[in-house]
Protein chains: 2
Amino acid sequence: MKQSLNWTVGFSESPDVRPKEMVTASVPGNANIDWMIAHNLPDWKFGVNFEQYRWMEDVWWLYEARLPSITLKPDESLFFLSEGIDYCYRILLDGELLHEHEGMFSHMEIPIPADNHNGGIIQIWITPPPKDHVGKKDSSEEAAQSCKPAVSYGWDWHPRLIPSGLWCDAYLETRQDISVKNIAIDYTVSGDLQSVEVMFTADLSQSLSLEQATVTMTLYDPTGTEIARLNNAEKVILQNPKLWWCNGYGEPNLYSYEVSVYVDDIKADQKVGKIGFRKLELLMNEGVWEDDIGLPCSRNHAPMTLTLNNVPVFAKGSNWVNPEVFTGTITRNTYLPLIKLAKDANFNLLRCWGGAIVNKDSFFELCDEHGIMVWQDFPLACNDYRNSSHYLKILEQEATAIVKRIKHHACLVIWCGGNELFNSWSKMDDQSLALRLLNKICYEHDPYRPFLSTTPIDGVAHGNYLFRYKDGNEVYQAMPSLKFTAYTEFGVPSISNISCLKAVADLSDIFPLKKNDVTIAHHAFSAWGSDDMQWACLDVIEDYFGEADTLEQLIEWSQWLQGEGYKCIYEEARRQKPYCSMALNWCYNEAWPTIANNALINYPAEPKKSYFDVIASCRNSLISAKIPKFSWHGGETLSFELWLLNDGISPVEAGHADLEAELDGTVYNLGSWSYAKTEANTNVKGITVSYVLPKLDSTGFKKLKLIIKAGELSSKYRLLYKAS
Amino acid sequence: MKQSLNWTVGFSESPDVRPKEMVTASVPGNANIDWMIAHNLPDWKFGVNFEQYRWMEDVWWLYEARLPSITLKPDESLFFLSEGIDYCYRILLDGELLHEHEGMFSHMEIPIPADNHNGGIIQIWITPPPKDHVGKKDSSEEAAQSCKPAVSYGWDWHPRLIPSGLWCDAYLETRQDISVKNIAIDYTVSGDLQSVEVMFTADLSQSLSLEQATVTMTLYDPTGTEIARLNNAEKVILQNPKLWWCNGYGEPNLYSYEVSVYVDDIKADQKVGKIGFRKLELLMNEGVWEDDIGLPCSRNHAPMTLTLNNVPVFAKGSNWVNPEVFTGTITRNTYLPLIKLAKDANFNLLRCWGGAIVNKDSFFELCDEHGIMVWQDFPLACNDYRNSSHYLKILEQEATAIVKRIKHHACLVIWCGGNELFNSWSKMDDQSLALRLLNKICYEHDPYRPFLSTTPIDGVAHGNYLFRYKDGNEVYQAMPSLKFTAYTEFGVPSISNISCLKAVADLSDIFPLKKNDVTIAHHAFSAWGSDDMQWACLDVIEDYFGEADTLEQLIEWSQWLQGEGYKCIYEEARRQKPYCSMALNWCYNEAWPTIANNALINYPAEPKKSYFDVIASCRNSLISAKIPKFSWHGGETLSFELWLLNDGISPVEAGHADLEAELDGTVYNLGSWSYAKTEANTNVKGITVSYVLPKLDSTGFKKLKLIIKAGELSSKYRLLYKAS
């Protein structure tokens, strides 16, 4: 039985000095937010208010709770449990040190001695966040010797705000002597998918041996029908299993189980859970072994094709980042709308980026239920996580806790050591002990789940993050010239929605958009500390469209570029299938309201226009136009290739597409394409269309719509037209 | 106490049928050779006689020995020990099965029950060699599900001959109850190399606890002077340690130790050994992080610079293969001349290739003593070692045995998963469980030794294996156009020495050299099953020199090309330092007499001419000419760059080089170069020399010697001159 505590929190310059003031604390939550509420601090998301929160990273926070009066039965014990405390802490009971701990992802449990059951005071002193001093001060380099998510130290879409506190639940638990734990359900799907062999094991609490009790598992199919009951260490073979599929490929079927302990025919304990059965492999992309690397040669590329239940999946998705700066405030309700939007976007995979937290359980439960595959980075990103023995010890503890906590989820498809570690801005490499350790941990606890040392690896691309590159190339020219096995990060920025901007500042302070403290802080300019990476990209917008008269117009143009840019990239990556097997844009969501960035969805869960463009590009089946550029002139020959893109497990029947251009209210007939039946999981290149654009008598730009009318396969592109 | 046994061996079609005949067996040795000797079979190395040995791979071999009469004292026990049996076997004692085993690298020990001490019969039934049936029959693909070295199944310089037998020692051992085992000496060299912290631990035989006995280690410095005595689990810090250095960088200093067990002040057991202290890292090559990989980007290259005692070492060396087809016959005396030749060649590293055996202990002892660093592949090569649970189990057992057996050697600098596994002819990849397992085993038992999944990896090159490529480029043009971090295989073939050819066939059957059964079997032609890879390269020789009149002439020309080809490659790889850090030719030695291949040294240990050319190119310091091509014409401008190449830890003082060409007995003065002082471990590019070659009135070719006279830095190149 679980019992919450009434917590208070306060801060001090030193753990030897009691805080002057204690305020009510929410658990799970963050001390920073508790203090904000108690003291009516200005909204940290607005303007540069967050700077008023910066002092919080330099203090010790004390959480305190008085144990309620608890009377235990003779066969009961009392424990204090924490599912995660951010980040480094000591736990005291009535002034006596019970436990010291570093790491926010490992659970902790402490037996409470009988003397302290009633009225004892439990205290948790949280150390100021870790700061490695080898790297640059006030930068994410300070995260390089800890498992604290690096993003909190500042990133190009995230303010520097480092949360502290009981970010996951912490409570008392009354336990009976008889309890079941360490439930493990191993299964093997047969090669032909016609059966699954399920084996279940569990341990009992120490006071009881497996001989004295009966432990059984009852298994229910996705409709809730009981289909098997088996004893500890027994196996059962299920015929015609309903396999778990990712979005777009089938239903994310989940079975339920109930593990019960009987002593003398009386049920003494019970645990329930869900499990999805699927066959998962990461196989070599088609065409890689045929790459002629000649002699002298290096290696061929690494495999990047996720294969689910024998079907190679084209991974369409995005990079997930913290949905809140103060991660303790995240609940299932934070995740739910975002996961629903991912499913609606026709995504089947989210890469949980290594600079962020490893999400709470409800995230993985929702992904299980919605058929969203999860690529999970360990908490390393863009730093040299050096081989100190202290770091390796904490990493081993935290990574082991992470693997054990989430490995049973059907949605989890890839473990990855972390983000961009084999690049010059991180300077880790194949010899880094941290990454060799992560390989070892995953091999030991979860050998059949694919493991990548980092991303990008050989053959995989990160970047670029712009509609038009510094060299003048647009995504339209850049993408077709590439040959990668997976695009696991690519971005096109845009300015945020009005409602999001209102959360940043008074709109009159945002438009006309200029470089100032607020617009820099919210990433419109100098997002990477220089103007090289700035997300407003006003120069590019002006080049195409001229100067905007209103904020609404600026947003429309910016999101126009973002939407068409993303359409171009997703669809071109899909055309490169099967050599290419993944397209994941950077990034999906954001942790606070930005003025501009690469995200598809504004904080907290509001899609930008481009989100809807991406939905269309990520449909399993569509007719896609391969367009050579964005901006066209009167008299020029508009030319594009047609492709029928078909992911998933269904063929597309033969049909007919009518092609039109719409310009200045006039519709021009560009011909038609009769396409043959296209097999499942196959792309077909179709006709090339050419059409001389009319010379209109106009100044400025016009929208040139390219329209493919083909029922459910229809597509639309919004290009730019200038008379001359 | 160790006691040998008198073994006999015979074969049978089935383990249920006793061999018709038993013959004397040598242990260590191979059944194949025992049978050859007993039956006077024709020399397997000559002609195609080896085909008469092929049946041996299909039979069961039975080894048998009678236990001698042994009287044990009350505190003694008797064991049967084997240090390695090739490959899969069952051990019976008086007809009763004692042990079943797969794998030739793991030791095995069995207690002998008191009943059998006198006159008991020990039998070892060896199964026919493993053959995986997924790949091509009669090919090395049959080795893909075992830890049996793949080379025995046939390779482009190795006949198909698969040894069986007690290839390592097998004997009885009388053990006292009191004995010391699992001696582990861990050490850390301080960052400034001024001290080394040494810690020693050991276990005692089960019958004795560490409390009942005193276990001490006495440490002697390289001169034999006692310098420390410490108890179990104690640490000692040695000041100014004499570190172990590789050849060319310093002395390979080895300390000695003696571990003794005292019970009641009486010495009950003692073990001795040697240890070399050195600081070892595999660091990123200079320039790799500066590679502009732009955006979108993949990863940067992997680190390949071995750094010994803080000094980046340019690894000059070769690829070691089995020195005998019948590996049971290998002894310290087999290794000794080859290791001496490696040292004399100015080599500092041998890569022990994964298709071969992992060598016997004496190999590593000799490399320790001679300062030859060892890169050790695990026994995987050019196959898809698939993830069957049986294979992974045997691999784990064998790899763990290998790591534990040799990890204490100072010479050992790299663990590598195996040969060319990430290439299309193998089709393994980053997800292969075998390689993830090897990484895990090395991390667990030997975390600070560098580990590579395979070679080549990202940035590393294998190939080419010819003086002139199929595209017409010579090594002179090809090498300077490359930019790799390490050349871990490259080859230039030649025809073997006369004495070696005499061991192959009557010379009258070898010259004129034509394609027939013998010349194909001994790799002159169709070495890879097609004419694409053939090591005689008669067409290239004829192109440069015309048709040879004698075998001696043919050999001279062929070894001329090999020698100059290797000079070009080693020296160009060195010019590419520090971006490049390794040059290892394919291959060093050979397992039987070939007619032609890439080796520097003919079987068993006879250098070819090219060996001596390589000595010159691998001196720590030399003046090297970067020459654009091999063949020159009268009137043409001979042009070359001069470089001062300096590896090692000493600077080269300023000096003067005189440059000459010698042609048809006449010496031409090409000028001189006064070079400045060159720091340790630094190359300097010097002047470019141009000289118009005289037009001689001659037909055919002449030798054009390019001579750099600069004392110990002098170099010589033998080019080709044709009048027109």
# chains A, B, ... in the order shown; residues from 1 in each chain; ligands from 1

$ residues_around --residues "region 645-653 of chain B" --least-positions-apart "6" --cutoff "12 Å" --atoms "only C-alpha atoms" --output "VMD selection string"
chain B and resid 245 to 250 307 to 316 346 to 348 570 to 578 581 to 582 616 to 626 674 to 686 710 to 715

$ closest_atom_pairs --of "chain B" --to "chain A" --cutoff "6 Å" --atoms "only C-alpha atoms" --output "CSV"
residue,atom,partner,partner_atom,distance
B:Trp289,CA,A:Ser424,CA,5.0
B:Leu295,CA,A:Asn464,CA,5.2
B:Pro296,CA,A:Gly463,CA,4.2
B:Cys297,CA,A:Ala461,CA,5.1
B:Ser298,CA,A:Ala461,CA,4.9
B:Arg299,CA,A:Ile457,CA,5.3
B:Asn300,CA,A:Asn423,CA,5.4
B:Phe422,CA,A:Arg299,CA,5.4
B:Asn423,CA,A:Asn300,CA,5.4
B:Ser424,CA,A:Trp289,CA,5.0
B:Lys440,CA,A:Lys440,CA,4.8
B:Pro456,CA,A:Ser298,CA,5.3
B:Ile457,CA,A:Arg299,CA,5.3
B:Val460,CA,A:Ser298,CA,5.5
B:Ala461,CA,A:Ser298,CA,4.9
B:His462,CA,A:Pro296,CA,5.2
B:Gly463,CA,A:Pro296,CA,4.2
B:Asn464,CA,A:Pro296,CA,4.9

$ atom_distance --atom1 "CA of Asn383 (chain B)" --atom2 "CA of Leu435 (chain B)"
12.6 Å

$ select_by_dssp --residues "region 185-364 of chain B" --states "strand (DSSP E)" --output "PyMOL selection string"
chain B and resi 185-189+195-204+214-220+226-231+235-239+255-263+266-275+280-283+305-308+311-312+315-320+349-352

$ residues_around --residues "Glu13 (chain B)" --least-positions-apart "4" --cutoff "10 Å" --atoms "only C-alpha atoms" --output "MDAnalysis selection string"
chainID B and resid 17:19 58:61 128

$ residues_around --residues "Asn49 (chain B)" --least-positions-apart "6" --cutoff "12 Å" --atoms "only C-alpha atoms" --output "PyMOL selection string"
chain B and resi 36+41-43+159-161+503-505+517-518+521-522

$ write_last_selection --atoms "C-alpha atoms" --output "PDB file, in the first residue's frame"
ATOM      1  CA  MET B  36      52.157 -39.049 -42.099  1.00  0.00           C
ATOM      2  CA  LEU B  41      53.133 -40.284 -46.600  1.00  0.00           C
ATOM      3  CA  PRO B  42      54.696 -38.030 -49.226  1.00  0.00           C
ATOM      4  CA  ASP B  43      55.603 -34.509 -48.080  1.00  0.00           C
ATOM      5  CA  PRO B 159      46.018 -24.924 -48.916  1.00  0.00           C
ATOM      6  CA  ARG B 160      42.863 -26.518 -47.614  1.00  0.00           C
ATOM      7  CA  LEU B 161      44.295 -28.709 -44.875  1.00  0.00           C
ATOM      8  CA  ALA B 503      60.279 -27.260 -51.717  1.00  0.00           C
ATOM      9  CA  VAL B 504      57.261 -26.897 -54.007  1.00  0.00           C
ATOM     10  CA  ALA B 505      58.302 -28.865 -57.080  1.00  0.00           C
ATOM     11  CA  ASP B 517      47.622 -27.958 -60.815  1.00  0.00           C
ATOM     12  CA  VAL B 518      50.813 -27.323 -58.863  1.00  0.00           C
ATOM     13  CA  ALA B 521      47.736 -24.958 -55.661  1.00  0.00           C
ATOM     14  CA  HIS B 522      50.767 -22.906 -54.627  1.00  0.00           C
TER      15      HIS B 522
END

$ residues_around --residues "Thr331 (chain A)" --least-positions-apart "2" --cutoff "10 Å" --atoms "only C-alpha atoms" --output "compact mmCIF listing (two decimals) with C-alpha atoms, in the first residue's frame"
# COMPACT_ATOMS: atom_id res chain seq x y z
CA PRO A 28 6.43 14.74 -8.22
CA GLY A 29 7.61 18.20 -9.11
CA CYS A 168 9.32 11.43 -9.82
CA THR A 327 10.63 17.94 -15.93
CA GLY A 328 9.16 17.19 -12.53
CA THR A 329 5.89 18.74 -13.70
CA ASN A 333 -1.42 14.42 -19.52
CA THR A 334 1.68 16.22 -20.75
CA TYR A 335 2.53 13.27 -22.97
CA LEU A 336 -0.95 12.30 -24.16
CA ASN A 359 10.80 9.84 -20.03
CA LYS A 360 8.51 8.66 -17.28
CA ASP A 361 6.69 5.34 -17.56
CA SER A 362 3.47 6.83 -18.94
CA PHE A 363 5.34 7.98 -22.05

$ atom_distance --atom1 "CA of Leu696 (chain A)" --atom2 "CA of Gly634 (chain A)"
6.5 Å

$ decode --residues "region 483-510 of chain A" --atoms "N, CA, C and O atoms" --output "PDB file, in the first residue's frame"
ATOM      1  N   LYS A 483      23.198  10.630 -50.262  1.00  0.00           N
ATOM      2  CA  LYS A 483      22.949   9.185 -50.262  1.00  0.00           C
ATOM      3  C   LYS A 483      23.283   8.654 -48.882  1.00  0.00           C
ATOM      4  O   LYS A 483      24.401   8.207 -48.627  1.00  0.00           O
ATOM      5  N   PHE A 484      22.328   8.766 -47.987  1.00  0.00           N
ATOM      6  CA  PHE A 484      22.505   8.272 -46.628  1.00  0.00           C
ATOM      7  C   PHE A 484      21.506   7.150 -46.359  1.00  0.00           C
ATOM      8  O   PHE A 484      20.482   7.040 -47.033  1.00  0.00           O
ATOM      9  N   THR A 485      21.836   6.343 -45.374  1.00  0.00           N
ATOM     10  CA  THR A 485      20.937   5.241 -45.021  1.00  0.00           C
ATOM     11  C   THR A 485      19.806   5.710 -44.123  1.00  0.00           C
ATOM     12  O   THR A 485      18.761   5.052 -44.052  1.00  0.00           O
ATOM     13  N   ALA A 486      20.020   6.807 -43.431  1.00  0.00           N
ATOM     14  CA  ALA A 486      19.002   7.298 -42.510  1.00  0.00           C
ATOM     15  C   ALA A 486      19.255   8.775 -42.256  1.00  0.00           C
ATOM     16  O   ALA A 486      20.410   9.186 -42.104  1.00  0.00           O
ATOM     17  N   TYR A 487      18.180   9.542 -42.255  1.00  0.00           N
ATOM     18  CA  TYR A 487      18.265  10.959 -41.887  1.00  0.00           C
ATOM     19  C   TYR A 487      17.649  11.046 -40.498  1.00  0.00           C
ATOM     20  O   TYR A 487      16.434  11.136 -40.365  1.00  0.00           O
ATOM     21  N   THR A 488      18.498  10.958 -39.477  1.00  0.00           N
ATOM     22  CA  THR A 488      17.954  10.865 -38.128  1.00  0.00           C
ATOM     23  C   THR A 488      17.828  12.239 -37.470  1.00  0.00           C
ATOM     24  O   THR A 488      17.289  12.321 -36.370  1.00  0.00           O
ATOM     25  N   GLU A 489      18.338  13.262 -38.135  1.00  0.00           N
ATOM     26  CA  GLU A 489      18.042  14.643 -37.774  1.00  0.00           C
ATOM     27  C   GLU A 489      18.104  15.479 -39.037  1.00  0.00           C
ATOM     28  O   GLU A 489      19.086  15.408 -39.774  1.00  0.00           O
ATOM     29  N   PHE A 490      17.062  16.258 -39.268  1.00  0.00           N
ATOM     30  CA  PHE A 490      17.112  17.320 -40.274  1.00  0.00           C
ATOM     31  C   PHE A 490      16.061  18.334 -39.865  1.00  0.00           C
ATOM     32  O   PHE A 490      15.051  17.970 -39.267  1.00  0.00           O
ATOM     33  N   GLY A 491      16.331  19.591 -40.132  1.00  0.00           N
ATOM     34  CA  GLY A 491      15.381  20.584 -39.644  1.00  0.00           C
ATOM     35  C   GLY A 491      15.152  21.710 -40.621  1.00  0.00           C
ATOM     36  O   GLY A 491      15.992  21.991 -41.486  1.00  0.00           O
ATOM     37  N   VAL A 492      14.014  22.308 -40.521  1.00  0.00           N
ATOM     38  CA  VAL A 492      13.711  23.562 -41.204  1.00  0.00           C
ATOM     39  C   VAL A 492      13.023  24.430 -40.155  1.00  0.00           C
ATOM     40  O   VAL A 492      12.044  23.996 -39.553  1.00  0.00           O
ATOM     41  N   PRO A 493      13.540  25.626 -39.926  1.00  0.00           N
ATOM     42  CA  PRO A 493      12.971  26.428 -38.843  1.00  0.00           C
ATOM     43  C   PRO A 493      11.736  27.208 -39.285  1.00  0.00           C
ATOM     44  O   PRO A 493      11.511  27.411 -40.474  1.00  0.00           O
ATOM     45  N   SER A 494      10.981  27.641 -38.323  1.00  0.00           N
ATOM     46  CA  SER A 494       9.945  28.639 -38.604  1.00  0.00           C
ATOM     47  C   SER A 494       9.678  29.451 -37.344  1.00  0.00           C
ATOM     48  O   SER A 494      10.034  29.049 -36.242  1.00  0.00           O
ATOM     49  N   ILE A 495       9.020  30.556 -37.571  1.00  0.00           N
ATOM     50  CA  ILE A 495       8.563  31.379 -36.457  1.00  0.00           C
ATOM     51  C   ILE A 495       7.312  30.722 -35.884  1.00  0.00           C
ATOM     52  O   ILE A 495       6.550  30.065 -36.594  1.00  0.00           O
ATOM     53  N   SER A 496       7.129  30.877 -34.587  1.00  0.00           N
ATOM     54  CA  SER A 496       6.062  30.174 -33.887  1.00  0.00           C
ATOM     55  C   SER A 496       4.692  30.752 -34.172  1.00  0.00           C
ATOM     56  O   SER A 496       4.553  31.858 -34.727  1.00  0.00           O
ATOM     57  N   ASN A 497       3.679  30.012 -33.748  1.00  0.00           N
ATOM     58  CA  ASN A 497       2.296  30.477 -33.842  1.00  0.00           C
ATOM     59  C   ASN A 497       2.085  31.702 -32.948  1.00  0.00           C
ATOM     60  O   ASN A 497       2.765  31.872 -31.932  1.00  0.00           O
ATOM     61  N   ILE A 498       1.093  32.485 -33.321  1.00  0.00           N
ATOM     62  CA  ILE A 498       0.755  33.686 -32.550  1.00  0.00           C
ATOM     63  C   ILE A 498       0.531  33.351 -31.079  1.00  0.00           C
ATOM     64  O   ILE A 498       1.050  34.023 -30.184  1.00  0.00           O
ATOM     65  N   SER A 499      -0.232  32.301 -30.803  1.00  0.00           N
ATOM     66  CA  SER A 499      -0.575  31.981 -29.419  1.00  0.00           C
ATOM     67  C   SER A 499       0.679  31.664 -28.613  1.00  0.00           C
ATOM     68  O   SER A 499       0.777  31.993 -27.435  1.00  0.00           O
ATOM     69  N   CYS A 500       1.627  31.065 -29.261  1.00  0.00           N
ATOM     70  CA  CYS A 500       2.893  30.755 -28.596  1.00  0.00           C
ATOM     71  C   CYS A 500       3.678  32.046 -28.356  1.00  0.00           C
ATOM     72  O   CYS A 500       4.242  32.254 -27.281  1.00  0.00           O
ATOM     73  N   LEU A 501       3.690  32.912 -29.356  1.00  0.00           N
ATOM     74  CA  LEU A 501       4.435  34.173 -29.232  1.00  0.00           C
ATOM     75  C   LEU A 501       3.863  35.031 -28.103  1.00  0.00           C
ATOM     76  O   LEU A 501       4.602  35.736 -27.411  1.00  0.00           O
ATOM     77  N   LYS A 502       2.528  34.944 -27.926  1.00  0.00           N
ATOM     78  CA  LYS A 502       1.900  35.714 -26.839  1.00  0.00           C
ATOM     79  C   LYS A 502       2.412  35.259 -25.482  1.00  0.00           C
ATOM     80  O   LYS A 502       2.409  36.028 -24.516  1.00  0.00           O
ATOM     81  N   ALA A 503       2.831  34.021 -25.393  1.00  0.00           N
ATOM     82  CA  ALA A 503       3.368  33.513 -24.125  1.00  0.00           C
ATOM     83  C   ALA A 503       4.802  33.972 -23.909  1.00  0.00           C
ATOM     84  O   ALA A 503       5.354  33.831 -22.815  1.00  0.00           O
ATOM     85  N   VAL A 504       5.419  34.501 -24.976  1.00  0.00           N
ATOM     86  CA  VAL A 504       6.825  34.933 -24.902  1.00  0.00           C
ATOM     87  C   VAL A 504       6.928  36.407 -24.493  1.00  0.00           C
ATOM     88  O   VAL A 504       7.770  36.781 -23.684  1.00  0.00           O
ATOM     89  N   ALA A 505       6.080  37.229 -25.096  1.00  0.00           N
ATOM     90  CA  ALA A 505       6.196  38.674 -24.870  1.00  0.00           C
ATOM     91  C   ALA A 505       4.949  39.351 -25.426  1.00  0.00           C
ATOM     92  O   ALA A 505       4.121  38.719 -26.084  1.00  0.00           O
ATOM     93  N   ASP A 506       4.784  40.632 -25.138  1.00  0.00           N
ATOM     94  CA  ASP A 506       3.744  41.383 -25.831  1.00  0.00           C
ATOM     95  C   ASP A 506       4.091  41.385 -27.309  1.00  0.00           C
ATOM     96  O   ASP A 506       5.242  41.616 -27.683  1.00  0.00           O
ATOM     97  N   LEU A 507       3.086  41.153 -28.136  1.00  0.00           N
ATOM     98  CA  LEU A 507       3.371  41.030 -29.571  1.00  0.00           C
ATOM     99  C   LEU A 507       4.016  42.303 -30.115  1.00  0.00           C
ATOM    100  O   LEU A 507       4.827  42.248 -31.039  1.00  0.00           O
ATOM    101  N   SER A 508       3.691  43.426 -29.509  1.00  0.00           N
ATOM    102  CA  SER A 508       4.288  44.683 -29.981  1.00  0.00           C
ATOM    103  C   SER A 508       5.801  44.692 -29.744  1.00  0.00           C
ATOM    104  O   SER A 508       6.521  45.457 -30.379  1.00  0.00           O
ATOM    105  N   ASP A 509       6.257  43.850 -28.817  1.00  0.00           N
ATOM    106  CA  ASP A 509       7.709  43.749 -28.606  1.00  0.00           C
ATOM    107  C   ASP A 509       8.350  42.732 -29.551  1.00  0.00           C
ATOM    108  O   ASP A 509       9.570  42.631 -29.630  1.00  0.00           O
ATOM    109  N   ILE A 510       7.521  41.956 -30.218  1.00  0.00           N
ATOM    110  CA  ILE A 510       8.065  40.915 -31.095  1.00  0.00           C
ATOM    111  C   ILE A 510       8.081  41.376 -32.545  1.00  0.00           C
ATOM    112  O   ILE A 510       8.956  40.984 -33.322  1.00  0.00           O
TER     113      ILE A 510
END
